[in-house]
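Enquirer: Next comes model_31.txt, compact mmCIF, C-alpha atoms:
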```txt
# COMPACT_ATOMS: atom_id res chain seq x y z
CA MET I 22 10.85 -50.98 34.15
CA ASN I 23 8.56 -50.21 37.08
CA CYS I 24 4.79 -49.78 37.38
CA PRO I 25 4.66 -45.97 36.92
CA ASP I 26 6.74 -46.30 33.74
CA VAL I 27 4.43 -48.97 32.44
CA ARG I 28 1.34 -46.86 33.13
CA LEU I 29 2.55 -44.35 30.59
CA LEU I 30 4.46 -46.51 28.15
CA LEU I 31 1.78 -49.13 27.79
CA HIS I 32 -0.09 -46.63 25.63
CA ALA I 33 2.82 -46.28 23.26
CA TYR I 34 3.07 -50.07 23.39
CA LEU I 35 -0.60 -50.53 22.44
CA ASP I 36 -0.22 -47.91 19.71
CA ASP I 37 2.80 -49.68 18.31
CA GLU I 38 4.97 -46.65 18.94
CA LEU I 39 7.40 -48.23 21.39
CA ASP I 40 10.82 -49.33 20.23
CA ALA I 41 11.83 -52.96 20.41
CA ALA I 42 13.97 -52.69 23.55
CA ASP I 43 11.27 -50.89 25.56
CA SER I 44 8.60 -53.23 24.27
CA LEU I 45 10.62 -56.13 25.50
CA SER I 46 11.19 -54.79 28.98
CA LEU I 47 7.54 -53.74 29.19
CA THR I 48 6.23 -57.18 28.32
CA ARG I 49 8.71 -58.67 30.82
CA HIS I 50 7.39 -56.46 33.58
CA VAL I 51 3.76 -57.04 32.68
CA ALA I 52 4.23 -60.80 32.65
CA GLY I 53 5.20 -60.70 36.31
CA CYS I 54 2.86 -57.92 37.53
CA ALA I 55 -0.83 -58.69 37.96
CA ALA I 56 -1.85 -55.02 38.30
CA CYS I 57 -0.12 -53.97 35.11
CA LYS I 58 -1.38 -57.00 33.27
CA GLN I 59 -4.91 -56.04 34.24
CA ARG I 60 -4.26 -52.47 33.12
CA VAL I 61 -3.02 -53.57 29.70
CA ARG I 62 -6.08 -55.75 29.34
CA MET I 63 -8.37 -52.90 30.31
CA TYR I 64 -6.98 -50.48 27.72
CA THR I 65 -6.83 -53.15 25.05
CA GLN I 66 -10.52 -53.68 25.67
CA LEU I 67 -11.27 -49.95 25.65
CA ARG I 68 -9.58 -49.57 22.29
CA GLY I 69 -11.57 -52.53 20.99
CA HIS I 70 -14.80 -50.80 22.06
CA LEU I 71 -13.73 -47.57 20.37
CA ARG I 72 -13.01 -49.38 17.16
CA GLU I 73 -16.26 -51.33 17.12
CA ALA I 74 -18.60 -48.52 18.10
CA ASP I 75 -18.84 -46.98 14.65
CA LEU I 76 -17.84 -43.54 15.88
CA TYR I 77 -16.45 -42.25 12.61
CA ARG I 78 -18.38 -39.31 11.21
CA SER I 79 -18.02 -38.99 7.45
CA ALA I 80 -18.61 -35.73 5.63
CA PRO I 81 -22.26 -35.32 4.56
CA GLU I 82 -22.80 -35.35 0.80
CA ALA I 83 -24.28 -31.85 0.82
CA LEU I 84 -21.12 -30.47 2.43
CA ARG I 85 -18.94 -32.30 -0.05
CA ALA I 86 -20.93 -30.80 -2.90
CA ARG I 87 -20.74 -27.33 -1.41
CA ILE I 88 -17.00 -27.54 -1.05
CA ALA I 89 -16.54 -28.92 -4.53
CA ALA I 90 -18.51 -25.87 -5.64
CA GLN I 91 -15.91 -23.66 -4.01
CA SER I 92 -13.45 -24.69 -6.65
CA PRO I 93 -12.89 -21.62 -8.83
CA ARG I 94 -14.08 -23.14 -12.08
CA ALA I 95 -17.35 -24.40 -10.64
CA ARG I 96 -17.99 -21.11 -8.94
CA GLU I 97 -17.59 -19.23 -12.14
CA GLU I 98 -21.13 -20.25 -13.11
CA ALA I 99 -22.44 -18.66 -9.96
CA VAL I 100 -20.72 -15.34 -10.38
CA THR I 101 -21.32 -14.51 -14.02
CA SER I 102 -23.70 -11.90 -12.68
CA PRO I 103 -21.90 -10.45 -9.67
CA ARG I 104 -24.55 -7.83 -9.15
CA ARG I 105 -25.45 -7.44 -5.52
CA GLY I 106 -29.01 -7.77 -4.32
CA TRP I 107 -29.94 -10.87 -6.26
CA ASN I 108 -33.41 -11.88 -5.48
CA PHE I 109 -33.58 -14.97 -3.39
CA ALA I 110 -35.14 -17.31 -5.93
CA LEU I 111 -32.45 -16.54 -8.44
CA ALA I 112 -29.73 -17.11 -5.87
CA ALA I 113 -31.28 -20.41 -4.82
CA LEU I 114 -31.52 -21.51 -8.42
CA ALA I 115 -27.92 -20.60 -9.06
CA ALA I 116 -26.85 -22.49 -5.95
CA LEU I 117 -28.67 -25.58 -7.17
CA PHE I 118 -27.02 -25.22 -10.54
CA VAL I 119 -23.60 -24.93 -8.98
CA ILE I 120 -24.10 -28.02 -6.87
CA ALA I 121 -25.38 -29.96 -9.85
CA THR I 122 -22.50 -28.99 -12.11
CA ALA I 123 -19.81 -29.02 -9.46
CA PHE I 124 -19.23 -32.74 -9.55
CA ALA I 125 -19.21 -32.99 -13.31
CA GLY I 126 -16.90 -30.03 -13.57
CA TRP I 127 -14.52 -31.09 -10.86
CA GLN I 128 -12.57 -33.84 -12.61
CA THR I 129 -12.36 -32.22 -16.03
CA LEU I 130 -11.32 -29.03 -14.35
CA GLN I 131 -8.37 -30.68 -12.67
CA LEU I 132 -7.18 -32.14 -15.93
CA ARG I 133 -7.79 -29.05 -17.96
CA ARG I 134 -6.26 -26.53 -15.66
CA GLN I 135 -2.53 -26.61 -16.02
CA ALA I 136 -2.29 -24.91 -12.70
CA SER I 137 1.23 -23.79 -12.07
CA GLY I 138 0.55 -22.37 -8.64
CA SER I 139 1.40 -19.11 -10.28
CA LEU I 140 0.50 -15.60 -9.38
CA ILE I 141 -2.10 -15.54 -12.12
CA VAL I 142 -3.96 -18.53 -10.74
CA GLU I 143 -3.81 -17.06 -7.27
CA ALA I 144 -5.06 -13.70 -8.47
CA VAL I 145 -7.99 -15.28 -10.29
CA ASN I 146 -8.82 -17.31 -7.19
CA ASP I 147 -8.70 -14.21 -5.04
CA HIS I 148 -10.94 -12.45 -7.52
CA VAL I 149 -13.47 -15.28 -7.55
CA ARG I 150 -13.43 -15.59 -3.79
CA ALA I 151 -13.98 -11.87 -3.51
CA LEU I 152 -17.22 -12.22 -5.44
CA LEU I 153 -18.69 -14.47 -2.76
CA PRO I 154 -21.25 -12.64 -0.64
CA GLY I 155 -19.62 -10.59 2.05
CA HIS I 156 -16.09 -11.02 0.77
CA LEU I 157 -15.77 -8.23 -1.72
CA ILE I 158 -15.17 -5.09 0.20
CA ASP I 159 -13.86 -4.03 3.57
CA VAL I 160 -14.19 -0.31 2.95
CA ARG I 161 -17.12 0.58 0.76
CA THR I 162 -17.03 3.95 -0.91
CA SER I 163 -16.70 5.52 -4.29
CA ASP I 164 -14.51 8.23 -2.79
CA GLN I 165 -10.83 7.65 -3.45
CA HIS I 166 -9.98 9.92 -0.53
CA THR I 167 -11.71 7.55 1.85
CA VAL I 168 -10.22 4.39 0.39
CA LYS I 169 -6.61 5.54 0.45
CA PRO I 170 -6.42 6.50 4.14
CA TRP I 171 -8.19 3.27 5.03
CA PHE I 172 -5.15 1.36 3.82
CA ASP I 173 -2.78 3.39 6.00
CA GLY I 174 -1.63 1.20 8.83
CA ARG I 175 -3.17 -1.84 7.21
CA VAL I 176 -0.50 -2.37 4.58
CA ASP I 177 3.18 -1.51 4.75
CA PHE I 178 3.14 0.62 1.62
CA SER I 179 1.08 3.37 0.09
CA PRO I 180 -1.23 1.99 -2.57
CA GLN I 181 -2.34 4.03 -5.57
CA VAL I 182 -6.03 4.85 -5.53
CA LYS I 183 -7.50 6.62 -8.54
CA ASP I 184 -10.86 7.98 -9.58
CA LEU I 185 -11.70 6.52 -12.97
CA SER I 186 -15.41 7.27 -13.09
CA ALA I 187 -14.89 9.59 -16.07
CA GLN I 188 -13.53 6.61 -18.01
CA GLY I 189 -16.49 4.42 -17.01
CA PHE I 190 -14.88 2.54 -14.12
CA GLU I 191 -16.60 3.24 -10.85
CA LEU I 192 -14.58 2.79 -7.66
CA VAL I 193 -16.60 0.56 -5.31
CA GLY I 194 -14.19 0.08 -2.43
CA GLY I 195 -11.14 -1.76 -1.22
CA ARG I 196 -10.01 -4.58 1.00
CA LEU I 197 -6.93 -6.51 2.11
CA ASP I 198 -6.06 -9.74 0.36
CA VAL I 199 -3.24 -12.23 0.17
CA LEU I 200 -1.25 -12.81 -2.98
CA ASP I 201 2.13 -14.33 -3.62
CA GLY I 202 2.43 -15.03 0.10
CA ARG I 203 2.09 -11.42 1.21
CA GLN I 204 -0.60 -8.98 2.12
CA VAL I 205 -1.71 -6.86 -0.80
CA ALA I 206 -4.13 -3.99 -1.31
CA ALA I 207 -7.14 -4.82 -3.46
CA LEU I 208 -9.23 -2.12 -5.06
CA VAL I 209 -12.62 -2.97 -6.47
CA TYR I 210 -13.90 -1.15 -9.52
CA ARG I 211 -17.11 -1.75 -11.43
CA ARG I 212 -17.73 -1.67 -15.17
CA HIS I 213 -21.45 -2.09 -15.79
CA LEU I 214 -22.20 -5.35 -13.98
CA HIS I 215 -18.63 -6.59 -13.95
CA MET I 216 -16.28 -6.31 -11.03
CA ILE I 217 -12.62 -5.60 -11.49
CA ASN I 218 -10.20 -6.50 -8.74
CA LEU I 219 -6.97 -4.56 -8.83
CA PHE I 220 -4.25 -5.99 -6.60
CA GLN I 221 -1.13 -4.00 -5.80
CA TRP I 222 1.94 -4.46 -3.71
CA PRO I 223 5.54 -3.22 -3.69
CA GLY I 224 7.87 -5.03 -6.03
CA GLY I 225 10.79 -4.45 -8.32
CA ALA I 226 10.85 -4.73 -12.06
CA VAL I 227 9.89 -8.09 -13.54
CA ALA I 228 9.53 -9.18 -17.13
CA PRO I 229 6.35 -7.66 -18.50
CA ALA I 230 3.56 -10.22 -18.42
CA ARG I 231 1.31 -10.65 -21.39
CA PRO I 232 -2.44 -10.53 -20.86
CA GLN I 233 -3.73 -13.92 -19.82
CA THR I 234 -7.06 -15.63 -19.63
CA ARG I 235 -7.70 -18.23 -17.01
CA ASP I 236 -10.96 -19.93 -16.18
CA GLY I 237 -12.72 -17.26 -18.22
CA TYR I 238 -11.17 -14.36 -16.35
CA HIS I 239 -8.80 -11.90 -17.93
CA VAL I 240 -5.67 -11.01 -16.07
CA LEU I 241 -3.40 -8.06 -16.75
CA ALA I 242 -0.19 -7.30 -14.90
CA TRP I 243 1.97 -4.21 -14.96
CA GLN I 244 4.23 -2.20 -12.73
CA GLY I 245 5.12 1.36 -11.96
CA ALA I 246 6.30 3.65 -9.18
CA GLY I 247 7.81 0.69 -7.30
CA LEU I 248 4.51 -1.17 -7.24
CA ARG I 249 3.30 -4.25 -9.02
CA PHE I 250 -0.29 -4.37 -10.26
CA VAL I 251 -2.51 -7.26 -11.26
CA ALA I 252 -6.03 -6.64 -12.52
CA VAL I 253 -8.55 -9.49 -12.78
CA SER I 254 -12.02 -9.36 -14.24
CA SER I 255 -14.62 -11.01 -16.38
CA VAL I 256 -15.03 -7.85 -18.49
CA ALA I 257 -14.07 -8.08 -22.14
CA GLU I 258 -10.34 -8.17 -22.70
CA GLY I 259 -10.41 -4.78 -24.42
CA ASP I 260 -12.24 -3.27 -21.47
CA LEU I 261 -9.64 -4.56 -19.05
CA GLU I 262 -6.89 -3.08 -21.21
CA ALA I 263 -8.76 0.21 -21.24
CA PHE I 264 -9.00 0.00 -17.48
CA ALA I 265 -5.26 -0.61 -17.12
CA ARG I 266 -4.50 2.28 -19.47
CA ALA I 267 -6.84 4.58 -17.60
CA PHE I 268 -5.38 3.62 -14.25
CA ARG I 269 -1.81 4.17 -15.38
CA THR I 270 -2.46 7.60 -16.80
CA ALA I 271 -4.95 9.00 -14.29
CA PRO I 272 -3.61 11.25 -11.53
CA ALA I 273 -3.27 9.60 -8.13
CA ALA I 274 -5.38 10.65 -5.18
CA THR I 275 -3.75 13.43 -3.23
CA ARG I 276 -4.98 15.48 -0.33
CA GLU I 277 -4.74 18.61 -2.47
CA ALA I 278 -7.08 17.14 -5.04
CA ALA I 279 -9.80 16.68 -2.46
CA HIS I 280 -12.56 19.20 -2.37
CA MET W 217 1.12 -32.96 -5.80
CA ASN W 218 2.68 -29.60 -5.51
CA THR W 219 0.32 -27.97 -7.95
CA ARG W 220 -2.74 -26.22 -6.71
CA ALA W 221 -5.02 -28.53 -8.70
CA GLY W 222 -3.35 -31.56 -7.16
CA PHE W 223 -3.73 -30.02 -3.78
CA GLU W 224 -7.43 -29.43 -4.28
CA ILE W 225 -7.87 -33.09 -5.14
CA GLU W 226 -5.99 -34.03 -1.97
CA VAL W 227 -8.26 -31.81 0.08
CA MET W 228 -11.35 -33.51 -1.34
CA LYS W 229 -9.78 -36.89 -0.59
CA HIS W 230 -9.38 -36.03 3.08
CA LEU W 231 -12.73 -34.35 3.51
CA ASP W 232 -14.06 -37.22 5.62
CA ALA W 233 -11.10 -36.94 7.96
CA ALA W 234 -11.59 -33.17 8.16
CA TYR W 235 -15.27 -33.56 8.97
CA ASN W 236 -14.69 -36.36 11.45
CA LEU W 237 -12.27 -34.22 13.47
CA ALA W 238 -14.46 -31.11 13.18
CA ARG W 239 -17.59 -33.03 14.18
CA TRP W 240 -15.98 -34.49 17.28
CA LEU W 241 -14.56 -31.14 18.28
CA ALA W 242 -17.69 -29.10 17.57
CA ARG W 243 -20.11 -31.81 18.73
CA ASN W 244 -22.87 -30.78 16.37
CA ASP W 245 -23.45 -31.03 12.63
CA GLN W 246 -23.93 -27.37 11.81
CA ASP W 247 -20.82 -26.09 13.58
CA ALA W 248 -18.79 -28.95 12.14
CA GLU W 249 -19.84 -28.03 8.60
CA ASP W 250 -18.99 -24.38 9.23
CA VAL W 251 -15.57 -25.33 10.56
CA VAL W 252 -14.80 -27.58 7.59
CA GLN W 253 -15.97 -25.08 5.04
CA GLU W 254 -13.93 -22.29 6.55
CA ALA W 255 -10.92 -24.59 6.93
CA VAL W 256 -11.03 -25.59 3.28
CA LEU W 257 -11.20 -21.95 2.23
CA ARG W 258 -8.16 -21.27 4.37
CA ALA W 259 -6.38 -24.31 2.97
CA PHE W 260 -6.95 -23.10 -0.58
CA ARG W 261 -6.03 -19.58 0.30
CA PHE W 262 -2.80 -20.46 2.06
CA PHE W 263 -1.88 -23.16 -0.38
CA GLY W 264 1.32 -21.17 -0.93
CA GLY W 265 2.32 -22.05 2.63
CA PHE W 266 2.04 -25.76 1.92
CA ARG W 267 5.55 -27.06 1.39
CA GLY W 268 4.67 -30.56 0.33
CA GLY W 269 4.45 -33.40 2.79
CA ASP W 270 1.28 -34.94 4.08
CA ALA W 271 -1.77 -33.01 2.89
CA LYS W 272 -4.00 -34.82 5.39
CA VAL W 273 -1.88 -33.67 8.32
CA TRP W 274 -1.81 -30.15 6.94
CA LEU W 275 -5.57 -30.05 6.43
CA LEU W 276 -6.34 -31.50 9.86
CA ALA W 277 -4.08 -28.92 11.49
CA ILE W 278 -6.04 -26.18 9.71
CA VAL W 279 -9.36 -27.75 10.74
CA ARG W 280 -8.22 -27.83 14.32
CA ASN W 281 -6.98 -24.24 14.29
CA THR W 282 -10.16 -23.11 12.59
CA PHE W 283 -12.26 -24.76 15.26
CA TYR W 284 -10.36 -23.09 18.09
CA THR W 285 -10.38 -19.74 16.32
CA LEU W 286 -14.09 -19.84 15.57
CA ARG W 287 -14.83 -20.83 19.12
CA SER W 288 -12.03 -18.71 20.50
CA ARG W 289 -11.44 -21.44 22.98
CA ALA W 290 -8.13 -22.31 24.60
CA PRO W 291 -5.66 -21.66 21.79
CA ALA W 292 -3.67 -24.34 20.05
CA ALA W 293 -0.90 -25.90 22.13
CA GLY W 294 0.85 -24.33 25.10
CA ALA W 295 -1.70 -23.87 27.83
CA VAL W 296 -2.67 -27.47 28.39
CA ASP W 297 0.86 -28.52 27.61
CA GLU W 298 2.24 -27.11 30.84
CA PHE W 299 -0.82 -28.32 32.67
CA ASP W 300 0.11 -31.86 31.67
CA GLU W 301 3.53 -31.60 33.23
CA ALA W 302 2.51 -29.50 36.22
CA ILE W 303 -0.21 -31.77 37.51
CA HIS W 304 1.90 -34.83 37.55
CA GLY W 305 0.62 -35.84 40.94
CA GLY W 306 -2.94 -35.22 39.80
CA GLU W 307 -2.55 -37.89 37.18
CA ASP W 308 -4.14 -40.37 39.52
CA HIS W 309 -7.43 -38.58 38.96
CA ASP W 310 -7.31 -39.85 35.43
CA ASP W 311 -6.07 -43.24 36.40
CA PRO W 312 -9.00 -45.55 36.89
CA GLN W 313 -9.00 -48.73 38.87
CA ALA W 314 -8.42 -51.46 36.39
CA VAL W 315 -11.97 -52.60 35.94
CA LEU W 316 -12.93 -54.55 32.89
CA LEU W 317 -16.05 -53.32 31.22
CA ARG W 318 -18.76 -55.59 30.10
CA ALA W 319 -20.47 -54.82 26.85
CA ILE W 320 -20.66 -51.10 26.18
CA ASP W 321 -23.27 -49.71 23.89
CA ALA W 322 -22.15 -47.31 21.23
CA GLN W 323 -24.28 -44.46 22.53
CA SER W 324 -22.68 -44.49 25.99
CA LEU W 325 -19.28 -44.53 24.39
CA ARG W 326 -20.21 -41.62 22.13
CA ASP W 327 -21.57 -39.64 25.08
CA ALA W 328 -18.51 -40.37 27.20
CA LEU W 329 -16.18 -39.24 24.43
CA GLU W 330 -18.16 -36.04 23.96
CA ARG W 331 -17.92 -35.25 27.66
CA LEU W 332 -14.11 -35.27 27.57
CA PRO W 333 -12.34 -31.91 27.32
CA PRO W 334 -11.44 -31.10 23.69
CA GLU W 335 -7.70 -31.57 24.24
CA PHE W 336 -8.35 -35.17 25.24
CA ARG W 337 -11.07 -35.70 22.68
CA GLU W 338 -8.91 -34.60 19.77
CA VAL W 339 -5.99 -36.92 20.48
CA LEU W 340 -8.35 -39.87 20.91
CA VAL W 341 -10.16 -39.09 17.66
CA LEU W 342 -6.89 -38.68 15.78
CA ARG W 343 -5.42 -41.87 17.20
CA GLU W 344 -8.38 -44.25 17.43
CA LEU W 345 -10.55 -43.08 14.52
CA GLU W 346 -8.06 -41.52 12.11
CA GLU W 347 -5.29 -43.95 13.06
CA CYS W 348 -2.69 -41.21 12.97
CA SER W 349 0.79 -41.94 14.25
CA TYR W 350 2.12 -40.05 17.27
CA LYS W 351 4.26 -38.03 14.89
CA GLU W 352 1.25 -37.03 12.80
CA ILE W 353 -0.76 -36.15 15.90
CA ALA W 354 2.17 -34.07 17.10
CA SER W 355 2.24 -32.04 13.87
CA ILE W 356 -1.52 -31.59 13.81
CA THR W 357 -1.81 -30.48 17.43
CA ASN W 358 1.54 -28.72 17.63
CA LEU W 359 2.59 -30.79 20.61
CA LYS W 360 5.75 -32.74 21.37
CA ILE W 361 5.58 -36.46 20.71
CA GLY W 362 6.10 -37.20 24.39
CA THR W 363 3.18 -34.96 25.24
CA VAL W 364 1.04 -36.74 22.69
CA MET W 365 1.76 -39.99 24.48
CA SER W 366 1.03 -38.66 27.96
CA ARG W 367 -2.10 -36.91 26.78
CA LEU W 368 -3.37 -40.08 25.14
CA ALA W 369 -2.69 -41.93 28.38
CA ARG W 370 -4.71 -39.41 30.35
CA ALA W 371 -7.45 -39.25 27.74
CA ARG W 372 -7.93 -42.99 27.82
CA GLY W 373 -7.88 -42.94 31.60
CA ARG W 374 -10.58 -40.28 31.66
CA LEU W 375 -12.66 -42.11 29.11
CA GLN W 376 -12.41 -45.33 31.08
CA LEU W 377 -13.47 -43.44 34.22
CA GLU W 378 -16.47 -41.94 32.44
CA LEU W 379 -17.52 -45.38 31.30
CA THR W 380 -17.00 -47.23 34.58
CA GLY W 381 -18.66 -44.41 36.47
CA ARG W 382 -21.73 -44.87 34.39
CA GLU W 383 -21.63 -48.59 34.68
CA VAL W 384 -21.51 -48.43 38.46
CA MET W 385 -24.47 -46.07 38.51
CA ALA W 386 -26.47 -48.24 36.18
```
Now that the file is in, can you turn its structure into structure tokens?
Expert:
Amino acid sequence: MNCPDVRLLLHAYLDDELDAADSLSLTRHVAGCAACKQRVRMYTQLRGHLREADLYRSAPEALRARIAAQSPRAREEAVTSPRRGWNFALAALAALFVIATAFAGWQTLQLRRQASGSLIVEAVNDHVRALLPGHLIDVRTSDQHTVKPWFDGRVDFSPQVKDLSAQGFELVGGRLDVLDGRQVAALVYRRHLHMINLFQWPGGAVAPARPQTRDGYHVLAWQGAGLRFVAVSSVAEGDLEAFARAFRTAPAATREAAH
Amino acid sequence: MNTRAGFEIEVMKHLDAAYNLARWLARNDQDAEDVVQEAVLRAFRFFGGFRGGDAKVWLLAIVRNTFYTLRSRAPAAGAVDEFDEAIHGGEDHDDPQAVLLRAIDAQSLRDALERLPPEFREVLVLRELEECSYKEIASITNLKIGTVMSRLARARGRLQLELTGREVMA
């Protein structure tokens, strides 16, 4: 081993990443080379300084609390009233509440939630995340004929967009989301103060899923016309079923229907 | 560990590591917190892409990518990678005379580390503070193991130069 080799390999040597044979020939060379010996000493010392200087920056408690609050269950408290335009005091109060309950909720949540990594869990998480400020809607309109073209070129299929205002479900807008490892279209409807996220993507027939409740959110899944649908909301279970029924039976948006 | 709940616990366990890397990359508290928060959201969101293995490595890789995306700085690997090989002759610039330092105060060391380019800073932080193996650093930074070694060599050389330079001036 020569000096240029040692210059590089001494780092692997100091990091304990050099194999036995190379370590041996490195120490042999260093023993007989004053320059390399000095170099090894220098870097050993530098590493000592780095270790002693207390350079590690731990996560601040406030950040830890905020992130714990991003867990779906803890956030649920914050989004029971997903109405936009909260006044500031109320929002601040809610934030305090979330931080205070986040820690307590965290452990029990992990034990209680038999998370299977399933579609349902993912859909609920997407729904909850969508309720965070600024996350809900990419295209904001109550006009189905604006929402549908917006998806063209953004997803590789043609999502169904329907006007359900007559049935009491107001179309608020749409956005892209990720579910089951693929990009899906998400429509946002409103029922009074409750948001309904409707996810859809192409998919073949699967066994019909029964309505589920997870973390206080109701989840309904169905399929039709080569698409799979999952609706998530905190509305009453009956309301979500009414929504699903209305969506399945309502006519889809077509250019001809526009006026 | 392959459940989402288990994964969330893992993420909380490695939050210090995530912040430490983000803080040294971003060099200020506010940006570091933004990076970590965004990274954790991404980690939860793309949990489906996590195929088991070391959650710490996975999270740190996301933190690193998030930092470079948010700053839209030199993207992940690649660019500096070739630079390493190309400027072989220039390596002497990062090769200090072997001068032993006397006592170094923590502040000078901190300043010197912050002055290093991020691609040097990150490998030093991962190796010296996180005590990651070369293999772990390679997965986090998307570099080859050999490149991790040569970059650490150059990073330490640069750091030593920064420190001796200051000592001579003092």
Enquirer: Counting all atoms listed in the file, which residues of chain I sit at most 7 Å from some atom of chain W, and what is each one's closest atom pair with its distance in Å to one decimal, listed by chain and rising residue number, as a tab-separated table?
Expert:
```
residue	atom	partner	partner_atom	distance
I:Leu29	CA	W:Ala369	CA	6.2
I:His32	CA	W:Ala369	CA	6.0
I:Ala33	CA	W:Met365	CA	6.5
I:Gln59	CA	W:Ala314	CA	6.2
I:Arg60	CA	W:Ala314	CA	5.4
I:Met63	CA	W:Leu316	CA	5.5
I:Leu71	CA	W:Glu344	CA	6.9
I:Arg72	CA	W:Glu344	CA	6.9
I:Ala74	CA	W:Ala322	CA	4.9
I:Leu76	CA	W:Arg326	CA	7.0
I:Tyr77	CA	W:Asn236	CA	6.3
I:Arg78	CA	W:Asn236	CA	4.7
I:Ser79	CA	W:Asp232	CA	4.7
I:Ala80	CA	W:Asp232	CA	4.8
I:Leu84	CA	W:Glu249	CA	6.8
I:Ile88	CA	W:Gln253	CA	6.6
I:Gln131	CA	W:Ala221	CA	5.6
I:Ala136	CA	W:Ala221	CA	6.0
I:Ser137	CA	W:Thr219	CA	5.9
I:Gly138	CA	W:Arg220	CA	5.4
I:Gly202	CA	W:Gly264	CA	6.3
```
Enquirer: So that I can see what lies close to Ala187 of chain I, please list as a list in words the residues with an atom at most 12 Å from it, counting all atoms listed in the file and leaving out residues fewer than 6 positions away in the same chain.
Expert: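 Surrounding residues, per the criterion: Arg212, Phe264, Ala267, Phe268 and Ala271 of chain I.
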Enquirer: Write out the residues from the selection above, keeping C-alpha atoms, as a PDB file, in the coordinates of the input.
Expert:
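Wrote selection-v4.pdb, looks like this:
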```pdb
ATOM      1  CA  ARG I 212     -17.730  -1.670 -15.170  1.00  0.00           C
ATOM      2  CA  PHE I 264      -9.000   0.000 -17.480  1.00  0.00           C
ATOM      3  CA  ALA I 267      -6.840   4.580 -17.600  1.00  0.00           C
ATOM      4  CA  PHE I 268      -5.380   3.620 -14.250  1.00  0.00           C
ATOM      5  CA  ALA I 271      -4.950   9.000 -14.290  1.00  0.00           C
TER       6      ALA I 271
END
```
Enquirer: State, in Å with one decimal place, the distance from atom CA of Phe190 of chain I to atom CA of Met216 of chain I.
Expert: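 So the answer is 9.5 Å.
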Enquirer: Can you pull out every residue within 12 Å of Gly189 of chain I, counting only C-alpha atoms, but drop anything in the same chain fewer than 4 positions away, and send it as a PyMOL selection string?
Expert: chain I and resi 184-185+210-215+260-261+263-264+267-268
Enquirer: Mind pulling up the distance from atom CA of Lys272 of chain W to atom CA of Tyr64 of chain I?
Expert: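 Computing it gives 27.4 Å between the two atoms.
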Enquirer: Please determine an axis-aligned box that encloses all atoms of segment 236-248 of chain I listed in the file, with 4 Å added on each side, and express its centre and edge lengths in Å to one decimal as AutoDock Vina command-line options.
Expert:
```
--center_x -2.5 --center_y -8.1 --center_z -12.7 --size_x 28.5 --size_y 31.6 --size_z 19.0
```
Enquirer: Which polymer residues have any atom within 9 Å of an atom of Glu258 of chain I, counting only C-alpha atoms, with same-chain residues fewer than 2 positions away left out, as a ChimeraX atom specification?
Expert: /I:232,234,238-240,254-256,260-263
Enquirer: For the atom pair atom CA of Pro170 of chain I and atom CA of Leu241 of chain I, what is the interatomic distance in Å to one decimal place?
Expert: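 The value is 25.6 Å.
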Enquirer: Find the residues around Asn23 of chain I up to 12 Å (only C-alpha atoms counted), leave out those fewer than 3 positions away in its own chain, and share them as a PDB file with C-alpha atoms, in the frame of the given file.
Expert:
```
ATOM      1  CA  ASP I  26       6.740 -46.300  33.740  1.00  0.00           C
ATOM      2  CA  VAL I  27       4.430 -48.970  32.440  1.00  0.00           C
ATOM      3  CA  ARG I  28       1.340 -46.860  33.130  1.00  0.00           C
ATOM      4  CA  LEU I  29       2.550 -44.350  30.590  1.00  0.00           C
ATOM      5  CA  LEU I  30       4.460 -46.510  28.150  1.00  0.00           C
ATOM      6  CA  LEU I  31       1.780 -49.130  27.790  1.00  0.00           C
ATOM      7  CA  ASP I  43      11.270 -50.890  25.560  1.00  0.00           C
ATOM      8  CA  SER I  46      11.190 -54.790  28.980  1.00  0.00           C
ATOM      9  CA  LEU I  47       7.540 -53.740  29.190  1.00  0.00           C
ATOM     10  CA  THR I  48       6.230 -57.180  28.320  1.00  0.00           C
ATOM     11  CA  ARG I  49       8.710 -58.670  30.820  1.00  0.00           C
ATOM     12  CA  HIS I  50       7.390 -56.460  33.580  1.00  0.00           C
ATOM     13  CA  VAL I  51       3.760 -57.040  32.680  1.00  0.00           C
ATOM     14  CA  GLY I  53       5.200 -60.700  36.310  1.00  0.00           C
ATOM     15  CA  CYS I  54       2.860 -57.920  37.530  1.00  0.00           C
ATOM     16  CA  ALA I  56      -1.850 -55.020  38.300  1.00  0.00           C
ATOM     17  CA  CYS I  57      -0.120 -53.970  35.110  1.00  0.00           C
TER      18      CYS I  57
END
```
Enquirer: Tell me which residues come within 12 Å of (0.5, -27.1, 7.7), as a VMD selection string, counting only C-alpha atoms in the file's coordinates.
Expert: chain W and resid 255 258 to 260 262 to 281 352 354 to 358
Enquirer: Determine, counting all atoms listed in the file, which protein, DNA and RNA residues have an atom within 10 Å of an atom of Arg175 of chain I; residues of the same chain fewer than 5 positions away are not included. Present the result as a list in words.
Expert: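 Surrounding residues, per the criterion: Pro170, Arg196, Leu197, Gln204, Val205 and Ala206 of chain I.
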